[in-house]
$ cat work-v5.tsv   # TSV, C-alpha atoms
chain	number	residue	atom	x	y	z
A	8	MET	CA	0.00	0.00	0.00
A	9	LYS	CA	2.87	2.39	0.72
A	10	TYR	CA	3.79	2.44	-2.99
A	11	LEU	CA	0.33	3.48	-4.20
A	12	PRO	CA	1.09	7.24	-3.99
A	13	LEU	CA	4.05	6.62	-6.30
A	14	VAL	CA	1.83	4.77	-8.77
A	15	TRP	CA	-0.75	7.54	-8.57
A	16	ARG	CA	1.85	10.26	-9.29
A	17	ASN	CA	3.01	8.33	-12.35
A	18	LEU	CA	-0.57	8.03	-13.60
A	19	ILE	CA	-1.30	11.76	-13.39
A	20	ARG	CA	1.99	13.05	-14.75
A	21	ARG	CA	0.46	12.96	-18.26
A	22	LYS	CA	-3.18	13.62	-17.42
A	23	THR	CA	-4.43	13.99	-21.00
A	24	ARG	CA	-2.81	10.79	-22.21
A	25	THR	CA	-4.01	8.80	-19.22
A	26	THR	CA	-7.54	10.21	-19.53
A	27	PHE	CA	-7.88	9.31	-23.20
A	28	THR	CA	-6.43	5.85	-22.62
A	29	VAL	CA	-8.95	5.22	-19.84
A	30	LEU	CA	-11.78	6.54	-22.03
A	31	SER	CA	-10.76	4.19	-24.83
A	32	ILE	CA	-10.95	1.27	-22.43
A	33	VAL	CA	-14.31	2.50	-21.11
A	34	VAL	CA	-15.75	2.47	-24.63
A	35	ALA	CA	-14.37	-1.03	-25.26
A	36	PHE	CA	-15.92	-2.48	-22.12
A	37	LEU	CA	-19.17	-0.58	-22.63
A	38	LEU	CA	-19.40	-2.20	-26.07
A	39	PHE	CA	-18.53	-5.57	-24.53
A	40	GLY	CA	-21.37	-5.25	-22.01
A	41	ILE	CA	-23.98	-4.16	-24.56
A	42	LEU	CA	-23.01	-6.95	-26.96
A	43	ALA	CA	-23.14	-9.49	-24.12
A	44	ALA	CA	-26.71	-8.37	-23.38
A	45	LEU	CA	-27.60	-8.63	-27.07
A	46	ASN	CA	-26.10	-12.11	-27.20
A	47	MET	CA	-28.31	-13.09	-24.27
A	48	ALA	CA	-31.33	-11.56	-26.00
A	49	PHE	CA	-30.77	-13.33	-29.31
A	50	GLY	CA	-30.03	-16.54	-27.41
A	51	MET	CA	-33.73	-16.42	-26.38
A	52	GLY	CA	-33.08	-18.02	-23.02
A	53	ILE	CA	-31.18	-20.96	-24.51
A	54	GLU	CA	-29.12	-21.42	-21.35
A	55	LEU	CA	-32.34	-21.61	-19.32
A	56	ALA	CA	-33.93	-24.25	-21.54
A	57	GLY	CA	-35.16	-27.30	-19.66
A	58	ASN	CA	-32.76	-30.23	-19.91
A	59	ASP	CA	-35.70	-32.61	-19.38
A	60	ARG	CA	-37.74	-31.26	-22.32
A	61	LEU	CA	-37.57	-32.45	-25.92
A	62	ILE	CA	-39.05	-30.84	-29.04
A	63	ILE	CA	-40.64	-33.00	-31.75
A	64	GLN	CA	-41.21	-31.39	-35.14
A	65	HIS	CA	-41.85	-32.55	-38.69
A	66	LYS	CA	-38.70	-34.01	-40.22
A	67	VAL	CA	-38.92	-31.72	-43.25
A	68	SER	CA	-39.59	-28.37	-41.57
A	69	ILE	CA	-41.25	-26.87	-38.54
A	70	ILE	CA	-43.87	-25.28	-40.81
A	71	GLN	CA	-45.10	-28.79	-41.73
A	72	LEU	CA	-47.92	-29.91	-39.42
A	73	LEU	CA	-48.09	-33.10	-37.38
A	74	PRO	CA	-51.21	-35.14	-36.55
A	75	GLU	CA	-52.75	-34.44	-33.15
A	76	SER	CA	-53.09	-38.22	-32.78
A	77	TYR	CA	-49.33	-38.47	-32.26
A	78	GLY	CA	-49.92	-37.14	-28.74
A	79	ALA	CA	-51.54	-40.38	-27.53
A	80	ARG	CA	-48.66	-42.46	-28.87
A	81	LEU	CA	-46.10	-40.16	-27.27
A	82	GLU	CA	-47.83	-40.49	-23.90
A	83	THR	CA	-47.28	-44.25	-23.99
A	84	THR	CA	-43.62	-43.97	-25.00
A	85	PRO	CA	-41.28	-45.24	-22.23
A	86	GLY	CA	-39.49	-42.35	-20.51
A	87	VAL	CA	-42.08	-39.69	-21.47
A	88	THR	CA	-44.01	-38.13	-18.58
A	89	ASP	CA	-45.81	-35.09	-20.10
A	90	VAL	CA	-46.87	-34.18	-23.64
A	91	LEU	CA	-47.88	-30.76	-24.97
A	92	HIS	CA	-48.43	-29.62	-28.54
A	93	GLN	CA	-48.15	-26.07	-29.84
A	94	THR	CA	-49.00	-24.44	-33.16
A	95	TRP	CA	-47.65	-21.22	-34.60
A	96	PHE	CA	-50.54	-18.76	-34.93
A	97	GLY	CA	-48.67	-15.83	-36.50
A	98	GLY	CA	-51.33	-13.17	-35.91
A	99	ILE	CA	-51.03	-9.39	-35.92
A	100	TYR	CA	-51.93	-7.06	-33.07
A	101	GLN	CA	-52.87	-3.63	-34.49
A	102	LYS	CA	-49.99	-3.53	-37.00
A	103	PRO	CA	-47.40	-5.99	-38.42
A	104	SER	CA	-44.50	-4.50	-36.45
A	105	ASN	CA	-46.22	-5.48	-33.17
A	106	PHE	CA	-44.74	-8.95	-33.26
A	107	PHE	CA	-44.98	-11.46	-30.43
A	108	MET	CA	-45.38	-15.23	-30.34
A	109	GLN	CA	-48.95	-16.60	-30.15
A	110	CYS	CA	-49.70	-20.29	-29.68
A	111	PRO	CA	-52.81	-22.39	-28.93
A	112	VAL	CA	-52.12	-24.94	-26.18
A	113	HIS	CA	-53.84	-27.15	-23.63
A	114	PRO	CA	-53.84	-24.83	-20.57
A	115	ALA	CA	-53.24	-27.35	-17.77
A	116	THR	CA	-50.45	-29.14	-19.64
A	117	LEU	CA	-48.66	-25.87	-20.42
A	118	LEU	CA	-48.44	-24.90	-16.76
A	119	ALA	CA	-47.32	-28.39	-15.78
A	120	LEU	CA	-44.62	-28.54	-18.45
A	121	TYR	CA	-43.31	-25.00	-17.87
A	122	PRO	CA	-43.10	-24.49	-14.09
A	123	GLU	CA	-40.96	-21.40	-14.74
A	124	TYR	CA	-44.15	-19.58	-15.79
A	125	LEU	CA	-45.64	-18.08	-12.63
A	126	LEU	CA	-49.37	-17.36	-12.86
A	127	PRO	CA	-51.44	-16.23	-9.82
A	128	GLU	CA	-53.91	-18.83	-8.54
A	129	ASP	CA	-57.08	-16.87	-9.37
A	130	GLN	CA	-55.82	-16.22	-12.90
A	131	THR	CA	-54.92	-19.90	-13.27
A	132	LYS	CA	-58.50	-20.89	-12.40
A	133	ALA	CA	-59.88	-18.48	-15.01
A	134	TRP	CA	-57.40	-19.74	-17.61
A	135	LEU	CA	-58.46	-23.35	-17.02
A	136	SER	CA	-62.20	-22.70	-17.00
A	137	ASP	CA	-62.81	-20.26	-19.88
A	138	ARG	CA	-62.09	-21.51	-23.41
A	139	THR	CA	-61.89	-17.98	-24.81
A	140	CYS	CA	-59.29	-17.10	-22.18
A	141	ALA	CA	-55.70	-16.20	-23.00
A	142	ILE	CA	-52.60	-15.51	-20.93
A	143	VAL	CA	-49.61	-13.38	-21.86
A	144	GLY	CA	-46.09	-12.88	-20.54
A	145	ARG	CA	-45.21	-9.85	-18.46
A	146	GLN	CA	-42.87	-8.35	-21.07
A	147	THR	CA	-45.53	-8.27	-23.79
A	148	ALA	CA	-48.19	-7.08	-21.33
A	149	ASP	CA	-45.98	-4.15	-20.30
A	150	ARG	CA	-45.10	-3.43	-23.93
A	151	PHE	CA	-48.73	-2.94	-25.00
A	152	GLY	CA	-50.31	-2.00	-21.68
A	153	PHE	CA	-52.39	-5.18	-21.46
A	154	LYS	CA	-54.38	-5.70	-18.25
A	155	VAL	CA	-56.29	-8.68	-16.93
A	156	GLY	CA	-59.87	-8.41	-18.22
A	157	ASP	CA	-58.93	-6.78	-21.54
A	158	ARG	CA	-60.41	-8.02	-24.79
A	159	ILE	CA	-57.46	-8.64	-27.14
A	160	PRO	CA	-58.13	-8.66	-30.91
A	161	ILE	CA	-55.64	-10.55	-33.09
A	162	GLN	CA	-55.75	-10.49	-36.90
A	163	ALA	CA	-54.91	-13.91	-38.36
A	164	THR	CA	-52.43	-14.17	-41.23
A	165	ILE	CA	-52.68	-17.98	-41.48
A	166	TRP	CA	-55.61	-19.33	-39.48
A	167	ARG	CA	-58.89	-17.79	-40.59
A	168	LYS	CA	-62.16	-18.74	-38.90
A	169	ARG	CA	-64.79	-21.00	-40.45
A	170	ASP	CA	-66.89	-17.97	-41.39
A	171	GLY	CA	-63.95	-16.52	-43.34
A	172	SER	CA	-63.18	-13.86	-40.74
A	173	SER	CA	-59.56	-13.19	-39.80
A	174	ASN	CA	-60.44	-11.47	-36.52
A	175	TRP	CA	-59.88	-13.50	-33.35
A	176	GLU	CA	-60.72	-12.05	-29.94
A	177	PHE	CA	-59.54	-13.34	-26.58
A	178	ASN	CA	-60.33	-12.50	-22.98
A	179	LEU	CA	-57.06	-11.78	-21.20
A	180	CYS	CA	-57.38	-13.81	-17.99
A	181	GLY	CA	-53.78	-13.82	-16.79
A	182	ILE	CA	-50.31	-12.33	-16.98
A	183	PHE	CA	-47.43	-14.66	-16.12
A	184	ASP	CA	-43.94	-13.84	-14.86
A	185	GLY	CA	-40.74	-15.86	-15.00
A	186	ASP	CA	-39.34	-17.52	-11.91
A	187	LYS	CA	-35.90	-16.17	-12.74
A	188	LYS	CA	-34.29	-13.48	-14.85
A	189	GLY	CA	-33.96	-14.50	-18.49
A	190	VAL	CA	-37.16	-16.55	-18.74
A	191	ASP	CA	-38.97	-15.60	-21.95
A	192	THR	CA	-42.14	-13.72	-20.96
A	193	THR	CA	-43.15	-12.56	-24.43
A	194	PRO	CA	-45.51	-15.39	-25.57
A	195	PHE	CA	-49.29	-15.20	-25.80
A	196	PHE	CA	-51.12	-18.50	-25.15
A	197	PHE	CA	-54.77	-19.40	-25.75
A	198	ASN	CA	-56.97	-22.51	-25.64
A	199	TYR	CA	-56.30	-25.11	-28.36
A	200	GLU	CA	-59.85	-26.56	-28.32
A	201	TYR	CA	-61.33	-23.12	-28.99
A	202	PHE	CA	-58.83	-22.63	-31.80
A	203	ASP	CA	-59.32	-26.08	-33.36
A	204	GLU	CA	-63.11	-25.78	-33.48
A	205	ALA	CA	-63.10	-22.27	-34.92
A	206	ARG	CA	-60.33	-22.51	-37.53
A	207	GLN	CA	-61.21	-22.86	-41.20
A	208	PHE	CA	-58.84	-25.74	-41.99
A	209	GLY	CA	-56.23	-28.02	-40.42
A	210	GLN	CA	-58.44	-29.58	-37.76
A	211	GLY	CA	-56.60	-32.30	-35.86
A	212	GLN	CA	-53.15	-31.06	-36.86
A	213	VAL	CA	-50.57	-29.26	-34.71
A	214	GLY	CA	-47.26	-27.54	-35.18
A	215	TRP	CA	-44.86	-29.36	-32.84
A	216	TYR	CA	-44.75	-31.30	-29.59
A	217	VAL	CA	-42.95	-30.53	-26.33
A	218	ILE	CA	-42.43	-33.51	-24.04
A	219	ARG	CA	-40.91	-33.99	-20.61
A	220	ILE	CA	-38.75	-37.04	-20.01
A	221	ASN	CA	-37.95	-38.69	-16.70
A	222	ASP	CA	-34.20	-39.01	-17.33
A	223	PRO	CA	-32.36	-36.19	-19.15
A	224	ALA	CA	-29.32	-38.46	-19.55
A	225	ALA	CA	-31.43	-40.78	-21.70
A	226	ALA	CA	-32.55	-37.98	-24.07
A	227	PRO	CA	-30.66	-39.34	-27.15
A	228	GLN	CA	-32.16	-42.81	-26.72
A	229	ILE	CA	-35.69	-41.50	-26.15
A	230	ALA	CA	-35.41	-39.16	-29.16
A	231	GLU	CA	-34.27	-42.06	-31.35
A	232	ARG	CA	-37.13	-44.22	-30.04
A	233	ILE	CA	-39.71	-41.52	-30.83
A	234	ASP	CA	-38.45	-40.90	-34.36
A	235	ALA	CA	-38.41	-44.65	-35.02
A	236	GLN	CA	-42.12	-44.83	-34.08
A	237	PHE	CA	-43.06	-42.44	-36.87
A	238	ALA	CA	-40.51	-43.55	-39.47
A	239	ASN	CA	-41.94	-44.21	-42.94
A	240	SER	CA	-45.20	-42.46	-42.00
A	241	PRO	CA	-46.68	-39.52	-43.96
A	242	ALA	CA	-45.40	-37.22	-41.20
A	243	GLU	CA	-41.97	-38.35	-40.02
A	244	THR	CA	-40.48	-36.58	-37.02
A	245	LYS	CA	-37.24	-35.03	-35.86
A	246	THR	CA	-36.69	-34.95	-32.09
A	247	THR	CA	-34.12	-32.69	-30.43
A	248	THR	CA	-33.48	-31.23	-27.00
A	249	GLU	CA	-35.15	-27.92	-26.26
A	250	LYS	CA	-31.75	-26.21	-26.12
A	251	ALA	CA	-30.75	-27.50	-29.57
A	252	PHE	CA	-34.13	-26.47	-30.97
A	253	LEU	CA	-33.80	-22.91	-29.64
A	254	GLN	CA	-30.22	-22.64	-30.90
A	255	ALA	CA	-31.28	-23.66	-34.41
A	256	PHE	CA	-34.18	-21.20	-34.29
A	257	ALA	CA	-31.94	-18.33	-33.14
A	258	LYS	CA	-29.33	-19.04	-35.83
A	259	GLN	CA	-31.89	-18.47	-38.57
A	260	VAL	CA	-30.92	-14.79	-38.33
A	261	GLY	CA	-27.21	-15.69	-38.33
A	262	ASP	CA	-24.64	-16.86	-35.81
A	263	ILE	CA	-25.01	-13.87	-33.50
A	264	GLY	CA	-22.54	-15.29	-30.99
A	265	ALA	CA	-19.79	-15.60	-33.62
A	266	ILE	CA	-20.45	-12.09	-34.93
A	267	ILE	CA	-20.28	-10.62	-31.44
A	268	ARG	CA	-17.09	-12.52	-30.60
A	269	GLY	CA	-15.49	-11.20	-33.78
A	270	ILE	CA	-16.39	-7.60	-32.96
A	271	VAL	CA	-15.22	-7.87	-29.34
A	272	THR	CA	-11.93	-9.51	-30.39
A	273	ALA	CA	-11.16	-6.73	-32.88
A	274	VAL	CA	-12.00	-4.00	-30.36
A	275	PHE	CA	-9.95	-5.54	-27.57
A	276	PHE	CA	-6.94	-6.10	-29.82
A	277	THR	CA	-7.02	-2.43	-30.80
A	278	ILE	CA	-7.34	-1.31	-27.17
A	279	LEU	CA	-4.49	-3.62	-26.20
A	280	LEU	CA	-2.23	-1.83	-28.68
A	281	VAL	CA	-3.33	1.57	-27.33
A	282	ALA	CA	-2.74	0.60	-23.70
A	283	ALA	CA	0.60	-1.06	-24.46
A	284	ASN	CA	1.77	2.03	-26.36
A	285	THR	CA	0.77	4.26	-23.44
A	286	MET	CA	2.75	2.16	-20.96
A	287	ALA	CA	5.78	1.95	-23.27
A	288	GLN	CA	5.86	5.75	-23.63
A	289	SER	CA	5.46	6.17	-19.88
A	290	VAL	CA	8.41	3.89	-19.13
A	291	ARG	CA	10.63	5.57	-21.76
A	292	GLU	CA	9.90	8.99	-20.28
A	293	ARG	CA	10.88	7.78	-16.79
A	294	THR	CA	14.13	6.04	-17.65
A	295	SER	CA	16.23	8.25	-15.38
A	296	GLU	CA	13.65	8.07	-12.59
A	297	LEU	CA	13.66	4.29	-12.71
A	298	ALA	CA	17.46	4.36	-12.49
A	299	VAL	CA	17.21	6.56	-9.40
A	300	LEU	CA	14.69	4.19	-7.81
A	301	LYS	CA	17.07	1.28	-8.36
A	302	THR	CA	19.90	3.35	-6.94
A	303	LEU	CA	17.80	3.95	-3.82
A	304	GLY	CA	17.39	0.20	-3.36
A	305	PHE	CA	14.24	-0.70	-5.32
A	306	SER	CA	14.69	-4.27	-6.52
A	307	ASP	CA	14.12	-5.37	-10.11
A	308	GLY	CA	11.05	-7.30	-9.00
A	309	LEU	CA	9.57	-4.26	-7.25
A	310	VAL	CA	10.11	-2.07	-10.33
A	311	LEU	CA	8.41	-4.75	-12.44
A	312	ALA	CA	5.48	-4.84	-10.03
A	313	LEU	CA	5.08	-1.05	-9.94
A	314	VAL	CA	4.83	-0.80	-13.73
A	315	LEU	CA	2.35	-3.70	-13.88
A	316	ILE	CA	0.22	-2.15	-11.11
A	317	GLU	CA	0.14	1.11	-13.05
A	318	SER	CA	-0.93	-0.68	-16.23
A	319	CYS	CA	-3.58	-2.74	-14.40
A	320	ALA	CA	-4.91	0.35	-12.63
A	321	ILE	CA	-5.62	2.03	-15.97
A	322	ALA	CA	-7.23	-1.09	-17.43
A	323	VAL	CA	-9.29	-1.97	-14.35
A	324	LEU	CA	-10.50	1.61	-13.90
A	325	GLY	CA	-11.61	1.85	-17.53
A	326	GLY	CA	-13.12	-1.64	-17.41
A	327	ALA	CA	-15.07	-0.94	-14.22
A	328	ILE	CA	-16.53	2.29	-15.60
A	329	GLY	CA	-17.40	0.67	-18.94
A	330	LEU	CA	-19.03	-2.39	-17.38
A	331	GLY	CA	-20.86	-0.19	-14.88
A	332	LEU	CA	-22.31	1.95	-17.67
A	333	ALA	CA	-23.30	-1.16	-19.63
A	334	TRP	CA	-25.05	-2.56	-16.56
A	335	LEU	CA	-26.96	0.69	-16.02
A	336	ILE	CA	-28.03	0.83	-19.68
A	337	THR	CA	-29.23	-2.78	-19.74
A	338	GLN	CA	-31.12	-2.27	-16.46
A	339	GLY	CA	-33.47	-0.08	-18.49
A	340	GLY	CA	-34.78	-3.20	-20.23
A	341	ASP	CA	-35.35	-4.04	-23.86
A	342	PRO	CA	-34.43	-1.00	-26.04
A	343	THR	CA	-36.65	-2.29	-28.87
A	344	GLY	CA	-39.78	-2.02	-26.74
A	345	GLY	CA	-40.39	-5.74	-26.34
A	346	MET	CA	-38.97	-7.47	-29.41
A	347	LEU	CA	-36.15	-9.12	-27.47
A	348	PRO	CA	-37.16	-11.92	-25.08
A	349	ALA	CA	-34.39	-11.14	-22.57
A	350	PHE	CA	-32.10	-8.11	-22.48
A	351	PHE	CA	-29.77	-7.82	-19.50
A	352	LEU	CA	-26.09	-8.16	-18.67
A	353	PRO	CA	-25.54	-11.61	-17.11
A	354	THR	CA	-23.44	-11.87	-13.96
A	355	ALA	CA	-21.17	-14.36	-15.72
A	356	ASP	CA	-20.34	-11.74	-18.37
A	357	LEU	CA	-19.66	-9.12	-15.68
A	358	VAL	CA	-17.17	-11.50	-14.08
A	359	ARG	CA	-15.71	-12.32	-17.49
A	360	GLY	CA	-15.36	-8.61	-18.22
A	361	ALA	CA	-13.52	-8.04	-14.93
A	362	ILE	CA	-11.10	-10.83	-15.81
A	363	PHE	CA	-10.60	-9.34	-19.27
A	364	ALA	CA	-9.80	-5.95	-17.72
A	365	LEU	CA	-7.15	-7.42	-15.44
A	366	ALA	CA	-5.71	-9.50	-18.30
A	367	LEU	CA	-5.62	-6.40	-20.52
A	368	GLY	CA	-3.62	-4.54	-17.91
A	369	LEU	CA	-1.16	-7.40	-17.45
A	370	VAL	CA	-0.62	-8.02	-21.18
A	371	ALA	CA	-0.34	-4.31	-22.01
A	372	GLY	CA	2.16	-3.69	-19.21
A	373	ILE	CA	4.27	-6.83	-19.26
A	374	MET	CA	6.75	-5.78	-21.97
A	375	PRO	CA	7.36	-2.23	-20.62
A	376	ALA	CA	7.60	-3.73	-17.12
A	377	VAL	CA	10.21	-6.27	-18.20
A	378	GLN	CA	12.18	-3.49	-19.94
A	379	ALA	CA	12.08	-1.45	-16.75
A	380	MET	CA	13.18	-4.45	-14.69
A	381	ARG	CA	16.15	-5.16	-16.98
A	382	LEU	CA	17.22	-1.54	-17.10
A	383	ARG	CA	20.81	-1.09	-15.90
A	384	ILE	CA	21.44	1.94	-13.72
A	385	VAL	CA	24.62	3.00	-15.56
A	386	ASP	CA	22.99	2.72	-19.01
A	387	ALA	CA	19.91	4.63	-17.87
A	388	LEU	CA	21.90	7.51	-16.35
A	389	ARG	CA	24.14	7.70	-19.40
A	390	ARG	CA	21.08	7.79	-21.71
A	391	SER	CA	19.48	10.59	-19.68
$ encode --input "work-v5.tsv" --output "structure tokens"
Amino acid sequence: MKYLPLVWRNLIRRKTRTTFTVLSIVVAFLLFGILAALNMAFGMGIELAGNDRLIIQHKVSIIQLLPESYGARLETTPGVTDVLHQTWFGGIYQKPSNFFMQCPVHPATLLALYPEYLLPEDQTKAWLSDRTCAIVGRQTADRFGFKVGDRIPIQATIWRKRDGSSNWEFNLCGIFDGDKKGVDTTPFFFNYEYFDEARQFGQGQVGWYVIRINDPAAAPQIAERIDAQFANSPAETKTTTEKAFLQAFAKQVGDIGAIIRGIVTAVFFTILLVAANTMAQSVRERTSELAVLKTLGFSDGLVLALVLIESCAIAVLGGAIGLGLAWLITQGGDPTGGMLPAFFLPTADLVRGAIFALALGLVAGIMPAVQAMRLRIVDALRRS
């Protein structure tokens, strides 16, 4: 601790250079934090996907429908404990840009299969008893100002009613929250029986199945067993884990993770060069001072440590400010107004950012520090 005033004096001897170096690092870590939040958002809660849930879709494409009768066969499959089917509705609320997922489901099975959806008891009773009832996630409810008791009109783009109308109306009976941060609370669910009876075509067909299995370790064997049941049928299946399904869905817009890693790598490499140049200039300017310190009895190891502490102080200060600003910005929620299922800076990325900041300081300062350590007193005084 007694050497900190010396480090501080070295940092402020060139205030403008130090300030701009710190600001450059702040921008780099601010970008890192925002991109980490975007990666989480585009990941659509992949890391939170249930490891005991499997998704069964048509082998050709998810837009191909499956028979509703498959549900009974899945229920008798060894290892399967719960079965739910969902169908993409694809409706419009007010205007096309107001996008959110809508799916008809069996109410009781949905709540059993997704315990992370928290719905108050009175709203659960209404959801189970009224076929025209719908529930919606908190994020979408906040986005459009939905309240329990509202009548929600949805314009169909695929599923018209038997009378040719495209207007579907639902009583909003509940708003569900997630049991932890990152749970997707954007979907809108309504009763499948009401949907199946009212739709113009496709009766008895569904989009995909979600099943719960009793042993996640046996997922590959159960998936193979399910697909074998429906092999050579008019609607063959493809069974994957929920995590793999969500990853494939997210990558339809591109490998966001790879793009973000590329941007962050380029930015950090540039900042590394800036920080290393700053430390190299600082050491060159203090050649005679370092010689004096060694003359006064400062060991080579202590000189090495002082330069590294100085470099790490700049990097950690800039990193802390940048990550702090990123955290504050992401605390404001989804900047798109509800299009992203989850937008926040994960704790793991905050820790990773802190490690990056320390590593940046060490890497940027190691070469100047080694030069300072190897500096001979006679050579330094002669040079000055």
$ atom_distance --input "work-v5.tsv" --atom1 "CA of Arg158 (chain A)" --atom2 "CA of Gln109 (chain A)"
15.3 Å
$ residues_around --input "work-v5.tsv" --residues "Gln93 (chain A)" --least-positions-apart "5" --cutoff "8 Å" --atoms "only C-alpha atoms" --output "PyMOL selection string"
chain A and resi 110-112+213-217
$ closest_residue --input "work-v5.tsv" --among "A:Glu317, A:Asp170, A:Glu249, A:Asp356" --to "Pro375 (chain A)" --atoms "all atoms listed in the file"
A:Glu317
$ residues_around --input "work-v5.tsv" --residues "Pro160 (chain A)" --least-positions-apart "3" --cutoff "8 Å" --atoms "only C-alpha atoms" --output "list in words"
Tyr100, Asn174, Trp175, Glu176 and Phe177 of chain A
$ closest_residue --input "work-v5.tsv" --among "A:Phe106, A:Pro85, A:Glu75, A:Pro223" --to "Glu200 (chain A)" --atoms "all atoms listed in the file"
A:Glu75
$ residues_around --input "work-v5.tsv" --residues "region 38-42 of chain A" --least-positions-apart "5" --cutoff "10 Å" --atoms "all atoms listed in the file" --output "ChimeraX atom specification"
/A:32-33,47-48,263-264,266-268,270-272,274-275,326,329-334,336-337,350-353,356-357,360
$ residues_around --input "work-v5.tsv" --residues "Glu82 (chain A)" --least-positions-apart "4" --cutoff "12 Å" --atoms "all atoms listed in the file" --output "ChimeraX atom specification"
/A:76-78,86-92,216-220,233
$ atom_distance --input "work-v5.tsv" --atom1 "CA of Ala282 (chain A)" --atom2 "CA of Ser318 (chain A)"
7.8 Å
$ atom_distance --input "work-v5.tsv" --atom1 "CA of Gly97 (chain A)" --atom2 "CA of Thr193 (chain A)"
13.7 Å
$ closest_residue --input "work-v5.tsv" --among "A:Val310, A:Ala163, A:Ala265, A:Ala361" --to "Pro103 (chain A)" --atoms "only C-alpha atoms"
A:Ala163
$ residues_around --input "work-v5.tsv" --residues "Ala226 (chain A)" --least-positions-apart "5" --cutoff "10 Å" --atoms "all atoms listed in the file" --output "ChimeraX atom specification"
/A:58-61,86,219-221,231-232,246-248
$ closest_residue --input "work-v5.tsv" --among "A:Arg381, A:Asn178, A:Ile70, A:Arg138" --to "Glu204 (chain A)" --atoms "only C-alpha atoms"
A:Arg138
$ closest_residue --input "work-v5.tsv" --among "A:Asp191, A:Glu292, A:Asp186, A:Asp234" --to "Gln146 (chain A)" --atoms "all atoms listed in the file"
A:Asp191
